[in-house]
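A.B. asks: This is the structure, below, for whatever I ask next.
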Amino acid sequence: MTRTPPGGAGHPRALTLSAPHWLVEITDPPADERALCDALTHLANGRQGLRSQPDPSDDQAEPGFHVSGLYDTGLDVTRELVNLPHPHGLAVRGGGEPLRTVRRRTVLDMRQGIVVQHRELTARDGARWELETVCHLHAVHTRLGVLTGYLTPLSEGPDTTLEVFWDNTTGNPYLGGVLPHPRKHHVEMRGTRRDGDHLRLDCALRGTGRTFGLRSRLTAYPECERRPLDSPGRAGEVLALPPGQHAVRFDLLWSVPGPGPDPLDEPGTDPEALLAAHRAEWELRWQRHDIVVAGDETAQQGIRFALFHLMQQELPVDGPRISPARGLSGAYHSGATFFDTELHKDAFWTWTEPAVARAHLAFRHATLPAARKFASATGHTGARFPVAADDLGQDAGPHHVRKADGGRSEQWNVREAVHISADVAHAVVRHHRVTGDERYLLDEGLELLLSTAEFAAGVLERDEPGRPRGARAVTGPDEYHPHVDHNLFTNAMLRENLRQALRLDAHARRTDPVAAAEARSRAGVDEARLARWRELAPTVHVPIPADGPPAQHEGYLDLPDCASRTDPGSPAPRLLPEERARVASGQPMPTRAVKQADVVLLAHLLPDLFTPETAAATLDFYEPRTAHASSLSFAPHGVVAARLGRTADAHRFLLRSARYNLDHQPRTAYRNGLHLSAYAGAWQILAEGMLGLTADDDGLLRLDPRLPAHWNGLTLRVGIRGRQLTVEVDRCRIRLTLARGPALRVRIGDTALTLPPGDPAEVALPRPHAALPRPHEENHHAPNDRADRPGTLVP
């Protein structure tokens with residue numbers, strides 16, 4: 001019986017792509033830029049992450065397939081996220097000869113959550129074929145992936161075969177891309193089982209021995225002669241196209257491990273019905289989360305790129321979840337989570353989809369035993385979260401990193417960064433302040449706060465008599481200056497951890513004394529410890545002058561000043577060659593040059609510590625000395641600049657953050673995935689900076705809008721304490737609409753109002769605040785202006 005293909009909606013030519021600002025389109029990238037292109041057009045759905053595989057013979061690409069929770073022992077790390085066999089290896093042969101790709105075009109449609117690829121293939125005799133595919137990872141049925149393809153002869157040619165296979169030839173590059181080699185091949189393919197159109201691949205992880213199955217279902221229209229493909233590292237099928245056939249459609253569905261029955265065995269797996277449901281879910285997501293910028297197409301495109309990747313990595317929510325630094329877009333940093341989750345990603349999620357932030361915090365709570373064990377192993381009490389935590393909450397940071405020349409560099413922050421637990425505590429406080437979730441506080445949050453505060457107190461109590469109270473021999477977020485005393489960011493965050501633990505413990509006692517006592521018991525904190533924290537917190541050394549820039553750490557201002565930053569208009573880090581060499585070798589920076597300015601980050605997170613004059617002096621002093629060699633660097637600078645009324649500077653930092661990967665330099669040999677916290681940082685610049693969004697402990701929402709002069713408007717949605725609010729700002733007014741929840745108290749500048757549900761309110765904006773002038777000083781440099789040059793989506 002001949003199969004009849006479904007209707008043509010799945011054909012790439014039948015799809016209506018979205019408007020250009022929803023697209024990432026890449027045509028014929030140079031060979032050494034294909035790995036970056038694979039990352040930019042990456043797909044995910046919270047459970048799976050897929051980097052495309054345009055050509056199995058392309059050694060410049062970096063295909064990837066990652067599934068949440070599948071970790072194995074790695075090179076120089078105890079566990080790393082595994083690069084699994086790729087589900088849609090595709091190879092076309094004409095007359096037995098591998099065909100060569102001569103043109104390729106890849107389009108990521110962010111509105112629909114799909115990737116469309118077009119490849120033109122040729123044989124040595126000039127015969128031509130076209131291979132077109134549409135791929136998505138299902139937004140609802142997250143164990144499923146779907147690829148629909150069409151192979152069409154464009155000229156007379158020899159007999160054609162199409163190979164469709166699981167490809168296990170890539171493996172994991174060293175530390176996820178620090179170096180492309182050595183590589184570790186984690187997955188052993190132990191055998192295949194076929195049942196009609198279905199194929200099961202039995203796999204085992206070589207390090208842990210964990211076994212699992214991957215399944216696929218391949219159908220073709222019209223029917224083709226099929227035979228198994230079993231070659232080294234590959235398992236699948238070969239389709240022999242009927243002679244004279246104009247085109248063959250094939251549908252490939254695959255499933256990954258997870259709870260419940262295998263979805264390939266469930267009804268409703270028609271590819272076109274799945275695509276329709278997937279697109280409908282993405283339409284709902286954009287209705288909830290889209291941000292509209294009027295008058296700036298470059299910013300609009302970048303912001304939607306940022307939102308798309310944040311949403312596809314984390315939605316839907318399904319319980320406690322590690323948030324890897326690169327999500328599932330690659331195994332860089334081994335799939336570990338870092339403090340950027342709490343300081344940047346969870347700022348976005350707490351205000352927009354708090355269940356995601358709570359899932360991240362639930363992961364931290366579930367791994368408290370590992371954090372307590374890590375604290376004890378390093379001579380401390382309480383809970384110490386490591387700089388890099390693997391899926392079990394264990395220290396995943398490499399203590400040494402191999403270099404291309406064969407040497408190794410010391411990773412001091414793995415041993416010396418003691419601010420991580422305080423960063424987690426900061427996220428707990430933010431979550432309670434914005435959501436008002438008392439149940440979360442009593443069940444998990446307070447225990448996290450108390451356990452991390454116990455660690456903070458132990459660090460602060462280890463000072464020498466007669467010396468200021470603070471952390472000694474530590475490394476702050478600026479990793480260029482290790483082994484320093486009194487890193488200002490570290491001291492201030494540890495002190496804040498103590499203060500907020502005491503405040504919310506008192507709050508919990510009033511709310512539910514029994515539950516509060518149980519949380520203290522679980523954390524191992526008694527009344528004597530709380531009393532000690534009350535004495536300790538006011539003594540912590542946090543020296544911030546009233547009108548000048550504070551020193552990043554003790555002795556920082558005694559260092560020689562660094563050379564003037566050069567900025568040729570490129571998004572590449574602003575490092576001089578000799579500085580780059582020192583960083584690569586793990587040597588401390590001998591000057592004031594910093595990777596990312598700890599003090600600017602502190603002014604972002606704890607603005608009440610800074611007067612406007614001090615914040616301005618801090619930004620003016622540190623930005624010209626900052627290499628911005630971390631994607632996390634731009635958000636704090638942008639937020640602080642916006643709060644100071646320097647909207648042009650804030651706009652430049654917004655573009656650098658939202659478009660970090662789109663405009664990445666250098667583009668060559670890029671392998672390490674997408675910088676999700678930079679994208680969340682772009683949201684922070686918009687919301688916390690340009691809109692002045694904050695929430696008080698009692699639920700009062702504050703806004704203080706300051707938009708770039710060339711913008712015509714901004715529309716953004718946030719949630720606070722069970723309410724959903726739309727904020728629309730233009731050049732002269734702000735319009736608020738409470739779509740869900742009870743009346744909300746709002747303060748806009750000096751105007752206070754109570755916003756009723758469903759009835760929009762408009763407030764005229766006051767005259768823009770004058771930006772604080774920059775001081776004229778000998779060592780002042782102009783702020784970074786490289787983002788004035790819009791990037792392009794097409795390499």
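Quick note on naming: the chains in the structure tokens go A, B, ... in the order shown, residues restart at 1 in each chain, and ligands are numbered from 1 in order of appearance.
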With a distance cut-off of 9 Å and only C-alpha atoms, select the neighbouring residues of Thr152 (chain A), excluding the residue or stretch itself and same-chain residues fewer than 6 positions from it, and output the selection as a VMD selection string.

C.D. replies: chain A and resid 128 to 132 245 to 249

A.B. asks: Out of A:Gly295, A:Pro29, A:Gly191, A:Pro87, which residue has the shortest atom-to-atom distance to Asn168 (chain A) when counting only C-alpha atoms?

C.D. replies: A:Pro87

A.B. asks: Could you list, with a cut-off of 9 Å and counting only C-alpha atoms, the residues of region 479-585 of chain A near region 455-469 of chain A, each shown with its nearest atom pair and the distance in Å rounded to one decimal, rows sorted by chain and ascending number, as JSON lines?

C.D. replies:
```
{"residue": "A:His486", "atom": "CA", "partner": "A:Arg469", "partner_atom": "CA", "distance": 8.3}
{"residue": "A:Asn491", "atom": "CA", "partner": "A:Leu460", "partner_atom": "CA", "distance": 8.1}
{"residue": "A:Met493", "atom": "CA", "partner": "A:Ala456", "partner_atom": "CA", "distance": 8.9}
{"residue": "A:Leu494", "atom": "CA", "partner": "A:Ala456", "partner_atom": "CA", "distance": 5.3}
{"residue": "A:Arg495", "atom": "CA", "partner": "A:Ala456", "partner_atom": "CA", "distance": 7.6}
{"residue": "A:Asn497", "atom": "CA", "partner": "A:Ala456", "partner_atom": "CA", "distance": 7.2}
{"residue": "A:Leu498", "atom": "CA", "partner": "A:Ala456", "partner_atom": "CA", "distance": 7.2}
{"residue": "A:Arg532", "atom": "CA", "partner": "A:Ala457", "partner_atom": "CA", "distance": 8.7}
{"residue": "A:Trp533", "atom": "CA", "partner": "A:Ala457", "partner_atom": "CA", "distance": 6.8}
{"residue": "A:Leu536", "atom": "CA", "partner": "A:Ala457", "partner_atom": "CA", "distance": 7.6}
{"residue": "A:Ala537", "atom": "CA", "partner": "A:Ala457", "partner_atom": "CA", "distance": 8.5}
{"residue": "A:Thr539", "atom": "CA", "partner": "A:Arg469", "partner_atom": "CA", "distance": 6.2}
{"residue": "A:Val540", "atom": "CA", "partner": "A:Arg469", "partner_atom": "CA", "distance": 4.8}
{"residue": "A:His541", "atom": "CA", "partner": "A:Arg469", "partner_atom": "CA", "distance": 5.4}
```

A.B. asks: Write out as a list of chain:residue names each polymer residue whose atoms come within 10 Å of Phe489 (chain A), counting only C-alpha atoms; drop sequence neighbours fewer than 3 positions from it.

C.D. replies: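 Listing them by chain and then by number gives A:His419, A:Thr475, A:Gly476, A:Pro477, A:Asp478, A:His486, A:Ala492, A:Met493, A:Leu494, A:Arg495, A:Val542, A:Gln552, A:His553, A:Ala597, A:Asp598, A:Val599, A:Val600, A:Leu601, A:Leu602, A:Ala603, A:Leu605, A:Leu606.
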
A.B. asks: Can you check which residues of region 69-144 of chain A DSSP gives as strand (DSSP E) on the backbone and send them as an NGL selection string?

C.D. replies: :A and (71-72 or 80-81 or 86-94 or 97-98 or 100-109 or 114-122 or 128-137 or 144)

A.B. asks: Report the distance between CA of Pro742 (chain A) and CA of Arg721 (chain A) in Å, rounded to one decimal place.

C.D. replies: 9.5 Å

A.B. asks: Counting only C-alpha atoms, what is within 6 Å of Gln117 (chain A), bar same-chain residues fewer than 4 positions away, as an mmCIF file with C-alpha atoms, in the first residue's frame?

C.D. replies:
```
data_model
loop_
_atom_site.group_PDB
_atom_site.id
_atom_site.type_symbol
_atom_site.label_atom_id
_atom_site.label_comp_id
_atom_site.auth_asym_id
_atom_site.auth_seq_id
_atom_site.Cartn_x
_atom_site.Cartn_y
_atom_site.Cartn_z
ATOM 1 C CA ARG A 105 20.399 28.913 4.485
ATOM 2 C CA THR A 106 19.183 28.566 8.056
ATOM 3 C CA GLU A 132 14.668 21.373 2.984
ATOM 4 C CA THR A 133 13.764 20.739 6.619
#
```

A.B. asks: Which residues, written as a ChimeraX atom specification, have at least one atom at most 12 Å from Pro757 (chain A), with only C-alpha atoms counted and residues fewer than 3 positions away on the same chain left out?

C.D. replies: /A:723-726,736-745,754,760-761

A.B. asks: Of the residues A:Tyr150, A:Phe305, A:Phe250, A:Phe363, which is the one nearest to Ser657 (chain A), using only C-alpha atoms?

C.D. replies: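 Comparing A:Tyr150, A:Phe305, A:Phe250, A:Phe363 against Ser657 (chain A), the winner is A:Phe305.
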
A.B. asks: Here is a test: counting only C-alpha atoms, which residue of A:Leu691, A:Leu368, A:Cys562, A:Leu502 is nearest to Leu716 (chain A)?

C.D. replies: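 Answer, going by the shortest atom-to-atom distance: A:Leu691.
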
A.B. asks: Hey, what's within 9 Å of region 571-581 of chain A if we count only C-alpha atoms and toss same-chain stuff fewer than 6 positions away? As a ChimeraX atom specification, please?

C.D. replies: /A:563,565,587,589,593,595,626-630,656,660,663-666,786-787

A.B. asks: Which one is closest to Glu554 (chain A): A:Val474, A:Ile322, A:Ala531, A:Leu239? Count only C-alpha atoms.

C.D. replies: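 Looking at the shortest contact to Glu554 (chain A), the residue is A:Val474.
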